[in-house]
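Shown here: data.csv, CSV, C-alpha atoms.
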```csv
chain,number,residue,atom,x,y,z
A,1,MET,CA,-176.7,53.9,-29.4
A,2,LEU,CA,-175.4,50.3,-29.2
A,3,HIS,CA,-176.4,50.0,-25.6
A,4,VAL,CA,-180.0,51.0,-26.5
A,5,LEU,CA,-180.1,48.3,-29.2
A,6,GLN,CA,-178.6,45.7,-26.8
A,7,GLY,CA,-181.3,46.6,-24.2
A,8,ALA,CA,-184.1,46.3,-26.8
A,9,LEU,CA,-182.7,42.9,-28.0
A,10,ARG,CA,-182.5,41.6,-24.4
A,11,ASN,CA,-186.1,42.8,-23.7
A,12,ALA,CA,-187.3,40.9,-26.8
A,13,ILE,CA,-185.4,37.8,-25.8
A,14,THR,CA,-186.9,38.0,-22.3
A,15,THR,CA,-190.4,37.6,-23.8
A,16,PHE,CA,-189.5,34.2,-25.2
A,17,ILE,CA,-188.3,32.6,-22.0
A,18,GLN,CA,-191.6,31.1,-21.0
A,19,VAL,CA,-192.2,29.6,-24.4
A,20,SER,CA,-190.4,26.4,-23.8
A,21,PRO,CA,-187.8,24.9,-21.4
A,22,ALA,CA,-185.5,24.2,-24.4
A,23,LEU,CA,-185.7,27.8,-25.5
A,24,LYS,CA,-184.9,28.9,-21.9
A,25,ASP,CA,-181.9,26.6,-21.8
A,26,THR,CA,-180.7,28.0,-25.2
A,27,ILE,CA,-181.0,31.5,-23.9
A,28,TRP,CA,-179.0,30.6,-20.8
A,29,SER,CA,-176.4,29.0,-23.0
A,30,TYR,CA,-176.0,32.2,-25.1
A,31,LEU,CA,-176.1,34.4,-22.1
A,32,GLU,CA,-173.4,32.3,-20.4
A,33,GLN,CA,-171.3,32.4,-23.5
A,34,TYR,CA,-171.5,36.1,-24.3
A,35,ASP,CA,-172.8,38.1,-21.3
A,36,LEU,CA,-172.0,36.3,-18.1
A,37,PRO,CA,-168.2,35.8,-18.3
A,38,VAL,CA,-167.9,39.2,-16.7
A,39,VAL,CA,-169.4,38.1,-13.4
A,40,VAL,CA,-167.4,36.5,-10.6
A,41,GLY,CA,-167.9,32.9,-10.0
A,42,PRO,CA,-167.1,29.6,-11.5
A,43,ASN,CA,-170.6,28.1,-11.5
A,44,LEU,CA,-173.2,30.0,-13.3
A,45,GLY,CA,-176.6,29.2,-14.8
A,46,ASN,CA,-177.8,25.7,-15.7
A,47,ASN,CA,-174.5,24.1,-16.9
A,48,ALA,CA,-172.4,24.9,-13.8
A,49,GLN,CA,-169.4,25.1,-16.0
A,50,PRO,CA,-166.5,27.6,-15.4
A,51,MET,CA,-166.2,30.6,-17.6
A,52,ALA,CA,-162.8,30.9,-19.1
A,53,SER,CA,-162.9,33.9,-21.4
A,54,GLN,CA,-164.4,37.4,-21.0
A,55,ILE,CA,-166.2,38.3,-24.2
A,56,TYR,CA,-168.5,41.1,-23.0
A,57,ASP,CA,-168.0,43.3,-19.9
A,58,MET,CA,-171.3,44.4,-18.4
A,59,ARG,CA,-169.5,46.2,-15.5
A,60,PHE,CA,-167.7,48.3,-18.1
A,61,GLU,CA,-170.9,49.0,-19.9
A,62,LEU,CA,-172.6,50.0,-16.7
A,63,ASN,CA,-169.9,52.1,-15.1
A,64,GLU,CA,-168.3,53.7,-18.1
A,65,ILE,CA,-170.7,53.8,-21.1
A,66,GLU,CA,-174.1,54.1,-19.5
A,67,ALA,CA,-173.0,56.1,-16.5
A,68,ARG,CA,-171.4,58.6,-18.8
A,69,ARG,CA,-174.6,59.0,-20.7
A,70,GLU,CA,-176.7,58.8,-17.5
A,71,GLN,CA,-178.9,56.2,-19.3
A,72,TYR,CA,-179.1,52.6,-18.4
A,73,PRO,CA,-181.2,50.6,-20.9
A,74,SER,CA,-178.6,47.8,-21.3
A,75,THR,CA,-178.2,47.2,-17.6
A,76,ILE,CA,-182.0,47.3,-17.0
A,77,SER,CA,-182.6,44.8,-19.8
A,78,PHE,CA,-179.8,42.6,-18.5
A,79,LEU,CA,-181.3,42.4,-15.0
A,80,LYS,CA,-184.8,41.8,-16.4
A,81,LEU,CA,-183.4,38.9,-18.6
A,82,LEU,CA,-181.5,37.4,-15.7
A,83,ASN,CA,-184.5,37.7,-13.4
A,84,ALA,CA,-186.8,36.1,-16.0
A,85,LEU,CA,-184.4,33.2,-16.5
A,86,ILE,CA,-183.9,32.6,-12.7
A,87,ALA,CA,-187.6,32.9,-12.1
A,88,GLU,CA,-188.1,29.8,-14.4
A,89,GLU,CA,-185.5,27.7,-12.5
A,90,ARG,CA,-187.1,24.8,-10.8
A,91,ASP,CA,-184.0,23.2,-9.2
A,92,VAL,CA,-183.1,25.2,-6.1
A,93,SER,CA,-181.3,22.3,-4.3
A,94,ASP,CA,-178.1,24.4,-4.2
A,95,ARG,CA,-180.0,27.2,-2.4
A,96,GLY,CA,-179.1,29.6,-5.3
A,97,ARG,CA,-175.4,29.3,-5.0
A,98,ARG,CA,-175.0,28.7,-8.7
A,99,PHE,CA,-176.1,32.3,-9.2
A,100,ILE,CA,-173.5,33.8,-6.8
A,101,GLY,CA,-171.6,35.6,-9.6
A,102,ILE,CA,-174.8,37.2,-10.8
A,103,PHE,CA,-175.9,38.1,-7.3
A,104,ARG,CA,-172.5,39.7,-6.5
A,105,PHE,CA,-172.6,41.7,-9.7
A,106,ILE,CA,-176.0,43.0,-8.9
A,107,TYR,CA,-175.3,43.6,-5.2
A,108,ASP,CA,-171.9,45.2,-5.7
A,109,HIS,CA,-172.0,47.0,-9.0
A,110,VAL,CA,-175.7,47.8,-9.6
A,111,PHE,CA,-177.5,48.1,-6.3
A,112,GLY,CA,-174.7,49.4,-4.0
A,113,PRO,CA,-173.7,52.5,-6.0
A,114,PHE,CA,-177.1,53.3,-7.5
A,115,PRO,CA,-177.7,56.4,-5.2
A,116,GLN,CA,-174.4,57.9,-6.4
A,117,ARG,CA,-175.2,57.6,-10.1
A,118,ALA,CA,-176.7,60.4,-12.2
A,119,TYR,CA,-179.8,59.5,-14.1
A,120,ALA,CA,-181.1,61.5,-17.2
A,121,ASP,CA,-184.5,59.8,-16.6
A,122,PRO,CA,-185.4,59.2,-12.9
A,123,CYS,CA,-187.6,56.3,-14.0
A,124,GLU,CA,-184.5,54.3,-15.0
A,125,LYS,CA,-183.2,54.7,-11.5
A,126,TRP,CA,-186.2,53.1,-10.0
A,127,GLN,CA,-186.3,50.4,-12.8
A,128,LEU,CA,-182.8,49.4,-11.7
A,129,VAL,CA,-183.8,49.3,-8.0
A,130,VAL,CA,-186.9,47.3,-8.7
A,131,ALA,CA,-185.0,44.8,-10.8
A,132,CYS,CA,-182.3,44.5,-8.1
A,133,LEU,CA,-184.9,44.0,-5.4
A,134,GLN,CA,-186.7,41.4,-7.5
A,135,HIS,CA,-183.4,39.5,-7.9
A,136,PHE,CA,-182.7,39.7,-4.1
A,137,ARG,CA,-186.2,38.4,-3.3
A,138,MET,CA,-185.7,35.4,-5.7
A,139,ILE,CA,-182.3,34.6,-4.3
A,140,LEU,CA,-183.5,34.9,-0.7
A,141,SER,CA,-186.5,32.7,-1.4
A,142,MET,CA,-184.1,30.1,-3.0
A,143,TYR,CA,-181.7,30.4,-0.1
A,144,ASP,CA,-184.5,29.4,2.3
A,145,ILE,CA,-182.9,31.0,5.3
A,146,ARG,CA,-182.8,28.8,8.4
A,147,ASP,CA,-182.3,29.8,12.0
A,148,GLY,CA,-178.8,28.4,12.0
A,149,ASP,CA,-177.8,30.6,9.1
A,150,ILE,CA,-178.4,33.8,11.1
A,151,ASP,CA,-176.8,32.3,14.2
A,152,ASN,CA,-173.7,31.3,12.3
A,153,ALA,CA,-173.5,34.7,10.6
A,154,GLY,CA,-173.4,36.5,13.9
A,155,ASP,CA,-170.7,34.2,15.3
A,156,GLN,CA,-167.9,34.0,12.7
A,157,PRO,CA,-165.9,31.1,14.3
A,158,GLN,CA,-168.9,28.8,13.9
A,159,LEU,CA,-169.3,29.2,10.1
A,160,SER,CA,-170.1,26.0,8.3
A,161,ALA,CA,-167.4,24.1,6.6
A,162,VAL,CA,-168.9,25.0,3.3
A,163,ALA,CA,-168.8,28.7,4.0
A,164,GLN,CA,-165.2,28.4,5.4
A,165,SER,CA,-164.0,26.6,2.3
A,166,ALA,CA,-165.5,29.0,-0.2
A,167,PRO,CA,-163.8,32.3,-0.8
A,168,LEU,CA,-165.6,35.4,0.5
A,169,GLN,CA,-166.7,36.6,-2.9
A,170,MET,CA,-168.3,33.2,-3.6
A,171,GLN,CA,-170.5,33.3,-0.5
A,172,LEU,CA,-174.1,34.7,-0.6
A,173,PRO,CA,-174.1,37.7,1.7
A,174,VAL,CA,-177.7,36.9,2.7
A,175,VAL,CA,-177.5,38.2,6.3
A,176,GLU,CA,-175.7,41.4,5.1
A,177,LEU,CA,-178.4,41.9,2.5
A,178,LEU,CA,-181.1,41.4,5.2
A,179,LYS,CA,-179.4,43.9,7.4
A,180,GLU,CA,-179.1,46.4,4.6
A,181,LEU,CA,-182.8,46.1,3.8
A,182,GLY,CA,-183.7,46.4,7.4
A,183,TYR,CA,-185.0,42.9,8.0
A,184,TYR,CA,-182.3,41.8,10.5
A,185,ASP,CA,-180.9,43.5,13.5
A,186,SER,CA,-177.7,41.9,14.9
A,187,SER,CA,-178.5,43.3,18.4
A,188,ASP,CA,-181.5,40.8,18.7
```

Represent the structure of the file as structure tokens.
Amino acid sequence: MLHVLQGALRNAITTFIQVSPALKDTIWSYLEQYDLPVVVGPNLGNNAQPMASQIYDMRFELNEIEARREQYPSTISFLKLLNALIAEERDVSDRGRRFIGIFRFIYDHVFGPFPQRAYADPCEKWQLVVACLQHFRMILSMYDIRDGDIDNAGDQPQLSAVAQSAPLQMQLPVVELLKELGYYDSSD
């Protein structure tokens, strides 16, 4: 029952994001403090500050609690809240890299295994997929893919210095995502 209340609360909070930039920043701050410590990555959200403690584990909620009940209201509301916050971001100078932990969580834990999960309500399955795809679209549009990005991804020794210095889990798997969604064929 708690996951349903968490979902309803997040849905209510999502409606307030467009009210004011200060309110949006406050919501980011609380989200970073309580919900985002679970995701991998030192730089999340607006503040770009490392997360030291894990207060709430969304992966556990998704994979243990919601999967057992075959109902996903908390995860759906979490993704909608993240997407609403990211949609309001105006500074994309880092090409979305500050959202890498969020991206990895959605890509690895929500989108990847979604076909293997059981769903009491098939609508929730598609709500999860739509929220994931919306997130991917936003990240890809922030990333602003350039010809060199695809060329470098196909030729591993020529990866940029930035990509080489970042651990694999901290890199945006943009080309892999494009391949998975059928937008890129490495044989071209």

Counting all atoms listed in the file, give me one row per residue of segment 110-141 of chain A with an atom at most 6 Å from an atom of segment 58-80 of chain A, showing the shortest contact pair and its distance in Å to one decimal, sorted by chain then residue number, as a Markdown table.
```
| residue | atom | partner | partner_atom | distance |
| --- | --- | --- | --- | --- |
| A:Ala118 | CA | A:Glu70 | CA | 5.5 |
| A:Tyr119 | CA | A:Glu70 | CA | 4.7 |
| A:Ala120 | CA | A:Glu70 | CA | 5.2 |
| A:Leu128 | CA | A:Ile76 | CA | 5.8 |
```

Could you dump the residues just selected with C-alpha atoms as an mmCIF file, keeping the file's coordinate frame?
```cif
data_model
loop_
_atom_site.group_PDB
_atom_site.id
_atom_site.type_symbol
_atom_site.label_atom_id
_atom_site.label_comp_id
_atom_site.auth_asym_id
_atom_site.auth_seq_id
_atom_site.Cartn_x
_atom_site.Cartn_y
_atom_site.Cartn_z
ATOM 1 C CA ALA A 118 -176.700 60.400 -12.200
ATOM 2 C CA TYR A 119 -179.800 59.500 -14.100
ATOM 3 C CA ALA A 120 -181.100 61.500 -17.200
ATOM 4 C CA LEU A 128 -182.800 49.400 -11.700
#
```

* Asked: Hey, can you check how far atom CA of Ile100 of chain A sits from atom CA of Asp57 of chain A?
  ->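 Rounded to one decimal, the two atoms are 17.1 Å apart.
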
* What is the atom CA of Gly7 of chain A-atom CA of Leu82 of chain A distance in Å, reported with one decimal? ->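 These two atoms are separated by 12.5 Å.
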
* Within 9 Å of Asp25 of chain A, counting all atoms listed in the file, which residues show up once you throw out same-chain ones fewer than 5 positions away? Write them as a list in words, please. =>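 Counting only the stated atoms, we get Ile17, Ser20, Tyr30, Asn46 and Leu85 of chain A.
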
* Structure fact -> Across A:Ala12, A:Val110, A:Ile27, A:Ala87, the smallest distance to Val130 of chain A, with only C-alpha atoms counted, is shown by A:Val110

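Nearest residue to Gln134 of chain A among A:Phe99, A:Val92, A:Pro115, A:Asn83 is A:Asn83, counting only C-alpha atoms.
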